[in-house]
$ cat target-v9.cif   # mmCIF, C-alpha atoms and all ligand atoms
data_model
#
loop_
_atom_site.label_atom_id
_atom_site.label_comp_id
_atom_site.auth_asym_id
_atom_site.auth_seq_id
_atom_site.Cartn_x
_atom_site.Cartn_y
_atom_site.Cartn_z
CA MET A 1 13.25 -29.23 -43.10
CA ILE A 2 15.74 -29.26 -45.94
CA ILE A 3 14.16 -29.68 -49.35
CA ALA A 4 16.84 -29.95 -52.02
CA ALA A 5 16.74 -30.35 -55.80
CA ASN A 6 19.61 -31.92 -57.70
CA LEU A 7 19.02 -30.86 -61.31
CA LYS A 8 21.91 -33.06 -62.53
CA THR A 9 22.67 -32.58 -66.28
CA ASN A 10 19.35 -30.89 -66.95
CA LEU A 11 18.00 -27.37 -67.46
CA THR A 12 20.08 -24.88 -69.43
CA ARG A 13 21.02 -21.53 -67.93
CA SER A 14 17.85 -19.84 -69.26
CA ALA A 15 15.67 -22.76 -68.12
CA THR A 16 17.32 -22.65 -64.67
CA CYS A 17 16.70 -18.91 -64.44
CA LYS A 18 13.01 -19.46 -65.22
CA TYR A 19 12.92 -22.36 -62.75
CA ILE A 20 14.40 -20.31 -59.88
CA LYS A 21 11.92 -17.49 -60.57
CA GLU A 22 9.03 -19.95 -60.39
CA LEU A 23 10.36 -21.42 -57.16
CA GLN A 24 10.74 -18.00 -55.61
CA ILE A 25 6.95 -17.60 -55.63
CA CYS A 26 6.43 -20.63 -53.38
CA VAL A 27 9.62 -20.32 -51.38
CA GLN A 28 8.85 -16.83 -50.13
CA ASN A 29 5.85 -18.21 -48.21
CA SER A 30 7.70 -21.24 -46.92
CA THR A 31 9.71 -21.95 -43.78
CA GLN A 32 11.68 -24.74 -45.47
CA ASN A 33 15.36 -24.56 -46.19
CA VAL A 34 15.34 -24.94 -49.99
CA ILE A 35 18.54 -25.76 -51.86
CA VAL A 36 18.92 -26.13 -55.63
CA PHE A 37 21.92 -27.66 -57.37
CA PRO A 38 21.91 -26.50 -61.02
CA ALA A 39 24.19 -27.88 -63.72
CA THR A 40 27.63 -26.23 -63.55
CA SER A 41 27.08 -24.05 -66.64
CA SER A 42 23.80 -22.83 -65.14
CA LEU A 43 25.39 -21.46 -61.95
CA ASP A 44 24.81 -17.75 -61.50
CA SER A 45 24.01 -15.09 -58.89
CA TYR A 46 20.27 -15.69 -58.76
CA GLU A 47 18.16 -13.27 -56.78
CA SER A 48 16.17 -15.66 -54.67
CA ASN A 49 15.59 -17.07 -51.19
CA VAL A 50 16.68 -20.42 -52.56
CA THR A 51 20.22 -21.49 -51.68
CA ILE A 52 22.20 -22.32 -54.80
CA GLY A 53 24.73 -25.12 -54.50
CA ALA A 54 27.30 -26.68 -56.82
CA GLN A 55 26.89 -30.30 -57.91
CA ASN A 56 30.66 -30.57 -58.14
CA ALA A 57 33.94 -28.66 -58.14
CA TYR A 58 37.61 -29.57 -58.12
CA PRO A 59 39.34 -29.04 -54.77
CA VAL A 60 41.54 -26.14 -55.92
CA GLU A 61 41.22 -22.36 -56.20
CA ASN A 62 42.05 -22.60 -59.94
CA GLY A 63 44.64 -24.33 -62.15
CA ALA A 64 45.19 -26.85 -64.93
CA PHE A 65 42.28 -29.26 -64.47
CA THR A 66 40.60 -29.42 -67.85
CA GLY A 67 36.84 -29.57 -67.69
CA GLU A 68 36.66 -28.76 -63.99
CA ILE A 69 35.76 -25.63 -62.07
CA GLY A 70 37.50 -24.49 -58.90
CA LEU A 71 36.79 -22.43 -55.84
CA GLU A 72 37.14 -19.09 -57.61
CA HIS A 73 34.33 -20.02 -60.00
CA LEU A 74 32.05 -20.67 -57.04
CA LYS A 75 33.16 -17.50 -55.27
CA GLU A 76 32.14 -15.48 -58.34
CA PHE A 77 28.51 -16.38 -57.57
CA GLU A 78 28.94 -16.51 -53.78
CA ILE A 79 28.23 -20.23 -53.76
CA LYS A 80 28.99 -21.80 -50.38
CA THR A 81 27.14 -25.11 -50.70
CA ILE A 82 28.38 -28.24 -52.48
CA LEU A 83 27.29 -31.81 -53.09
CA ILE A 84 30.03 -34.37 -52.44
CA GLY A 85 30.00 -38.15 -52.84
CA HIS A 86 26.92 -38.42 -55.04
CA SER A 87 26.51 -41.95 -56.36
CA GLU A 88 26.68 -40.79 -59.98
CA ARG A 89 30.11 -39.28 -59.30
CA ARG A 90 31.20 -42.36 -57.37
CA HIS A 91 29.94 -44.92 -59.89
CA ILE A 92 29.74 -43.21 -63.30
CA LEU A 93 32.62 -40.74 -62.98
CA GLY A 94 34.70 -43.16 -60.90
CA GLU A 95 35.52 -40.90 -57.94
CA SER A 96 37.40 -42.87 -55.30
CA GLN A 97 36.78 -42.62 -51.57
CA GLU A 98 40.23 -41.09 -51.26
CA PHE A 99 39.44 -38.32 -53.73
CA ILE A 100 36.00 -37.73 -52.20
CA ALA A 101 37.64 -37.34 -48.78
CA LYS A 102 40.17 -34.90 -50.25
CA LYS A 103 37.38 -32.86 -51.78
CA PHE A 104 35.47 -32.94 -48.49
CA HIS A 105 38.49 -31.73 -46.56
CA TYR A 106 39.13 -28.90 -49.01
CA PHE A 107 35.59 -27.54 -49.00
CA LYS A 108 35.33 -28.01 -45.24
CA GLU A 109 38.42 -25.83 -44.85
CA GLN A 110 36.62 -23.24 -46.98
CA GLY A 111 33.64 -23.39 -44.62
CA PHE A 112 31.22 -24.74 -47.24
CA GLN A 113 27.90 -26.33 -46.37
CA ILE A 114 28.50 -29.88 -47.59
CA ILE A 115 25.75 -32.27 -48.58
CA PHE A 116 27.53 -35.57 -48.37
CA CYS A 117 25.86 -38.52 -50.09
CA VAL A 118 26.08 -42.19 -49.18
CA GLY A 119 24.12 -45.22 -50.32
CA GLU A 120 24.44 -48.84 -51.33
CA PRO A 121 24.07 -50.48 -54.77
CA LEU A 122 21.55 -53.28 -55.30
CA GLU A 123 23.98 -56.21 -54.88
CA ILE A 124 24.92 -54.88 -51.44
CA ARG A 125 21.29 -54.28 -50.55
CA GLU A 126 20.53 -57.89 -51.37
CA GLY A 127 23.13 -59.09 -48.85
CA SER A 128 22.87 -58.97 -45.07
CA LYS A 129 22.12 -55.84 -43.09
CA GLU A 130 25.61 -55.98 -41.59
CA GLU A 131 27.21 -56.00 -45.06
CA MET A 132 25.10 -53.06 -46.05
CA LEU A 133 26.05 -51.03 -42.99
CA THR A 134 29.72 -51.90 -43.43
CA TYR A 135 29.52 -50.71 -47.05
CA ILE A 136 27.91 -47.43 -46.04
CA HIS A 137 30.30 -46.87 -43.15
CA LYS A 138 33.22 -47.21 -45.58
CA GLN A 139 31.80 -44.29 -47.54
CA PHE A 140 32.52 -42.15 -44.47
CA GLU A 141 36.25 -42.98 -44.47
CA GLY A 142 38.24 -39.75 -44.25
CA ILE A 143 35.06 -37.70 -43.68
CA ASP A 144 34.64 -35.51 -40.61
CA THR A 145 31.15 -36.46 -39.48
CA THR A 146 31.29 -33.83 -36.73
CA TYR A 147 31.70 -30.94 -39.20
CA GLU A 148 29.16 -28.31 -38.18
CA ASN A 149 28.20 -27.45 -41.76
CA LEU A 150 27.50 -31.01 -42.78
CA ILE A 151 24.26 -32.44 -44.14
CA ILE A 152 24.15 -36.14 -44.97
CA ALA A 153 21.98 -37.59 -47.73
CA TYR A 154 21.17 -41.29 -47.73
CA GLU A 155 20.55 -42.24 -51.35
CA PRO A 156 20.35 -45.96 -52.13
CA VAL A 157 21.85 -46.32 -55.61
CA TRP A 158 19.11 -48.75 -56.71
CA ALA A 159 16.44 -46.17 -55.84
CA ILE A 160 17.94 -43.33 -57.87
CA GLY A 161 15.99 -42.65 -61.04
CA THR A 162 14.28 -46.04 -60.91
CA GLY A 163 10.94 -45.28 -59.27
CA LYS A 164 11.87 -47.84 -56.59
CA VAL A 165 11.88 -46.66 -53.00
CA PRO A 166 12.81 -48.55 -49.82
CA THR A 167 9.89 -49.18 -47.47
CA LEU A 168 9.29 -46.50 -44.86
CA GLU A 169 10.37 -49.05 -42.25
CA ASP A 170 13.69 -49.56 -44.09
CA ILE A 171 14.28 -45.81 -44.34
CA LYS A 172 13.55 -45.52 -40.63
CA GLU A 173 15.99 -48.29 -39.78
CA ILE A 174 18.91 -47.06 -41.86
CA HIS A 175 18.39 -43.44 -40.80
CA LYS A 176 18.48 -44.56 -37.19
CA GLU A 177 21.84 -46.24 -37.86
CA LEU A 178 23.18 -43.20 -39.70
CA LYS A 179 22.18 -40.91 -36.85
CA LYS A 180 24.50 -42.95 -34.62
CA LYS A 181 27.31 -42.00 -37.01
CA SER A 182 26.59 -38.27 -37.06
CA SER A 183 24.14 -35.80 -35.60
CA ALA A 184 24.11 -33.85 -38.90
CA PRO A 185 20.72 -33.33 -40.60
CA LEU A 186 19.91 -36.42 -42.62
CA LEU A 187 18.11 -36.34 -45.97
CA TYR A 188 16.60 -39.20 -47.91
CA GLY A 189 17.06 -39.28 -51.71
CA GLY A 190 16.05 -41.71 -54.47
CA SER A 191 12.77 -41.59 -56.42
CA VAL A 192 11.19 -39.02 -54.13
CA LYS A 193 8.00 -37.87 -55.87
CA VAL A 194 5.02 -35.66 -55.13
CA ASN A 195 3.01 -38.74 -54.16
CA ASN A 196 5.51 -40.20 -51.64
CA VAL A 197 7.27 -37.16 -50.21
CA LYS A 198 4.82 -36.62 -47.36
CA ASP A 199 5.20 -40.20 -46.12
CA ILE A 200 8.99 -40.06 -46.43
CA LEU A 201 9.23 -36.73 -44.61
CA SER A 202 7.10 -38.19 -41.81
CA VAL A 203 9.63 -40.93 -41.06
CA GLU A 204 11.61 -40.53 -37.86
CA ASN A 205 15.12 -39.08 -38.41
CA VAL A 206 14.31 -37.86 -41.93
CA ASP A 207 15.23 -34.18 -41.85
CA GLY A 208 14.52 -33.52 -45.50
CA VAL A 209 14.79 -34.87 -49.02
CA LEU A 210 17.17 -34.65 -51.97
CA VAL A 211 15.08 -34.86 -55.13
CA GLY A 212 16.28 -35.53 -58.68
CA SER A 213 13.93 -36.06 -61.62
CA ALA A 214 10.71 -35.07 -59.84
CA ALA A 215 12.24 -31.68 -59.00
CA LEU A 216 12.82 -30.78 -62.65
CA TYR A 217 9.37 -29.24 -62.81
CA ALA A 218 9.17 -26.21 -60.54
CA GLU A 219 5.48 -26.89 -59.98
CA HIS A 220 6.17 -30.37 -58.60
CA PHE A 221 9.06 -29.21 -56.46
CA CYS A 222 6.87 -26.38 -55.09
CA THR A 223 4.19 -28.91 -54.16
CA MET A 224 6.80 -30.85 -52.18
CA ILE A 225 7.86 -27.68 -50.37
CA GLU A 226 4.20 -26.96 -49.55
CA TYR A 227 3.73 -30.50 -48.23
CA ALA A 228 6.77 -30.04 -45.97
CA ASP A 229 5.23 -26.80 -44.66
CA GLU A 230 1.91 -28.56 -44.02
CA LEU A 231 3.64 -31.38 -42.20
CA GLN A 232 5.61 -29.01 -40.03
CA GLN A 233 2.49 -27.02 -39.17
CA SER A 234 0.61 -30.19 -38.24
CA ARG A 235 3.37 -31.05 -35.75
CA HIS A 236 2.92 -27.78 -33.83
P1 LIG B 1 15.87 -39.26 -58.47
O1 LIG B 1 14.97 -38.41 -57.58
O2 LIG B 1 15.71 -38.95 -59.93
O3 LIG B 1 15.75 -40.70 -58.14
O4 LIG B 1 17.39 -38.83 -58.12
C1 LIG B 1 17.77 -38.76 -56.80
C2 LIG B 1 19.12 -38.17 -56.69
O5 LIG B 1 20.08 -38.71 -57.20
C3 LIG B 1 19.26 -36.89 -56.00
O6 LIG B 1 20.59 -36.54 -55.80
#

$ encode --input "target-v9.cif" --output "structure tokens"
Amino acid sequence: MIIAANLKTNLTRSATCKYIKELQICVQNSTQNVIVFPATSSLDSYESNVTIGAQNAYPVENGAFTGEIGLEHLKEFEIKTILIGHSERRHILGESQEFIAKKFHYFKEQGFQIIFCVGEPLEIREGSKEEMLTYIHKQFEGIDTTYENLIIAYEPVWAIGTGKVPTLEDIKEIHKELKKKSSAPLLYGGSVKVNNVKDILSVENVDGVLVGSAALYAEHFCTMIEYADELQQSRH
């Protein structure tokens, strides 16, 4: 399974270094594919079995894009994994679908592993199921859903950082729909915690989780990785 931590605008470089070291202890005994997305200024060449990914980068090698980093900054640390389309970049930073698709295309051309996020805000959720699916399908415009290095993350906006989670039945239903769109591994994200991760990972078509706030403590994130191992062992 894919167990990923999006650290967002948290953990300084020294805190991230400590965090990765703590994770290494549990990851070395695990069969899970663990990915961590540190804040941009905390990217580095960490010695670890954990895959380090970028939360964001501008789709250029380098250039005049104040405040952004480009491909060469990722290459410096051999980073080949990137998060694209996260709801905070769509809604807070105002990234358009057109720009997201451009970014996707660029990093696909570079052979990156792309974790592509989709998810509906509350007002869409409160409408019909058809409206919700139409909304989510639009978030795939310009995106190559057959890309071999693609991972999709379904993250309902209303569940991010709120402690609210869709029912397991709802996750099952939407993941089933999303699997029709792409055969890429499909993660669930939004208020995943130590106490619900096992249930969420047990849902059909959930291939992993993308965890925000609950992953900020290495101990909690390690527990989630251990749960994923237990679950996988129980299936064999
Ligand atoms: P929370 O786990 O804090 O809800 O955040 C989820 C998320 O946005 C992961 O990318």

$ residues_near_ligand --input "target-v9.cif" --ligand "ligand LIG 1 (chain B)" --cutoff "6 Å" --atoms "all atoms listed in the file" --output "list in words"
Asn6, Ala159, Ile160, Gly161, Gly189, Gly190, Ser191, Val192, Leu210, Val211, Gly212, Ser213 and Ala214 of chain A

$ closest_atom_pairs --input "target-v9.cif" --of "region 110-197 of chain A" --to "region 70-80 of chain A" --cutoff "8 Å" --atoms "all atoms listed in the file" --output "CSV"
residue,atom,partner,partner_atom,distance
A:Gly111,CA,A:Lys80,CA,7.6
A:Phe112,CA,A:Lys80,CA,4.8
A:Gln113,CA,A:Lys80,CA,6.1

$ residues_around --input "target-v9.cif" --residues "Val157 (chain A)" --least-positions-apart "5" --cutoff "7 Å" --atoms "all atoms listed in the file" --output "PDB file with C-alpha atoms, keeping the file's coordinate frame"
ATOM      1  CA  SER A  87      26.510 -41.950 -56.360  1.00  0.00           C
ATOM      2  CA  GLY A 119      24.120 -45.220 -50.320  1.00  0.00           C
ATOM      3  CA  GLU A 120      24.440 -48.840 -51.330  1.00  0.00           C
ATOM      4  CA  PRO A 121      24.070 -50.480 -54.770  1.00  0.00           C
ATOM      5  CA  LEU A 122      21.550 -53.280 -55.300  1.00  0.00           C
TER       6      LEU A 122
END

$ residues_around --input "target-v9.cif" --residues "Thr145 (chain A)" --least-positions-apart "2" --cutoff "8 Å" --atoms "all atoms listed in the file" --output "PyMOL selection string"
chain A and resi 140+143+147+150+181-182+184

$ closest_residue --input "target-v9.cif" --among "A:Lys8, A:Lys198, A:Arg13, A:Arg90" --to "Ala228 (chain A)" --atoms "all atoms listed in the file"
A:Lys198

$ residues_near_point --input "target-v9.cif" --point "(31.2, -32.9, -54.6)" --cutoff "10 Å" --atoms "all atoms listed in the file" --output "mmCIF file with C-alpha atoms, in the frame of the given file"
data_model
loop_
_atom_site.group_PDB
_atom_site.id
_atom_site.type_symbol
_atom_site.label_atom_id
_atom_site.label_comp_id
_atom_site.auth_asym_id
_atom_site.auth_seq_id
_atom_site.Cartn_x
_atom_site.Cartn_y
_atom_site.Cartn_z
ATOM 1 C CA ALA A 54 27.300 -26.680 -56.820
ATOM 2 C CA GLN A 55 26.890 -30.300 -57.910
ATOM 3 C CA ASN A 56 30.660 -30.570 -58.140
ATOM 4 C CA ALA A 57 33.940 -28.660 -58.140
ATOM 5 C CA TYR A 58 37.610 -29.570 -58.120
ATOM 6 C CA PRO A 59 39.340 -29.040 -54.770
ATOM 7 C CA THR A 81 27.140 -25.110 -50.700
ATOM 8 C CA ILE A 82 28.380 -28.240 -52.480
ATOM 9 C CA LEU A 83 27.290 -31.810 -53.090
ATOM 10 C CA ILE A 84 30.030 -34.370 -52.440
ATOM 11 C CA GLY A 85 30.000 -38.150 -52.840
ATOM 12 C CA HIS A 86 26.920 -38.420 -55.040
ATOM 13 C CA ARG A 89 30.110 -39.280 -59.300
ATOM 14 C CA ARG A 90 31.200 -42.360 -57.370
ATOM 15 C CA GLU A 95 35.520 -40.900 -57.940
ATOM 16 C CA PHE A 99 39.440 -38.320 -53.730
ATOM 17 C CA ILE A 100 36.000 -37.730 -52.200
ATOM 18 C CA ALA A 101 37.640 -37.340 -48.780
ATOM 19 C CA LYS A 103 37.380 -32.860 -51.780
ATOM 20 C CA PHE A 104 35.470 -32.940 -48.490
ATOM 21 C CA PHE A 107 35.590 -27.540 -49.000
ATOM 22 C CA ILE A 114 28.500 -29.880 -47.590
ATOM 23 C CA ILE A 115 25.750 -32.270 -48.580
ATOM 24 C CA PHE A 116 27.530 -35.570 -48.370
ATOM 25 C CA CYS A 117 25.860 -38.520 -50.090
#

$ atom_distance --input "target-v9.cif" --atom1 "CA of Asn149 (chain A)" --atom2 "CA of Lys108 (chain A)"
8.0 Å
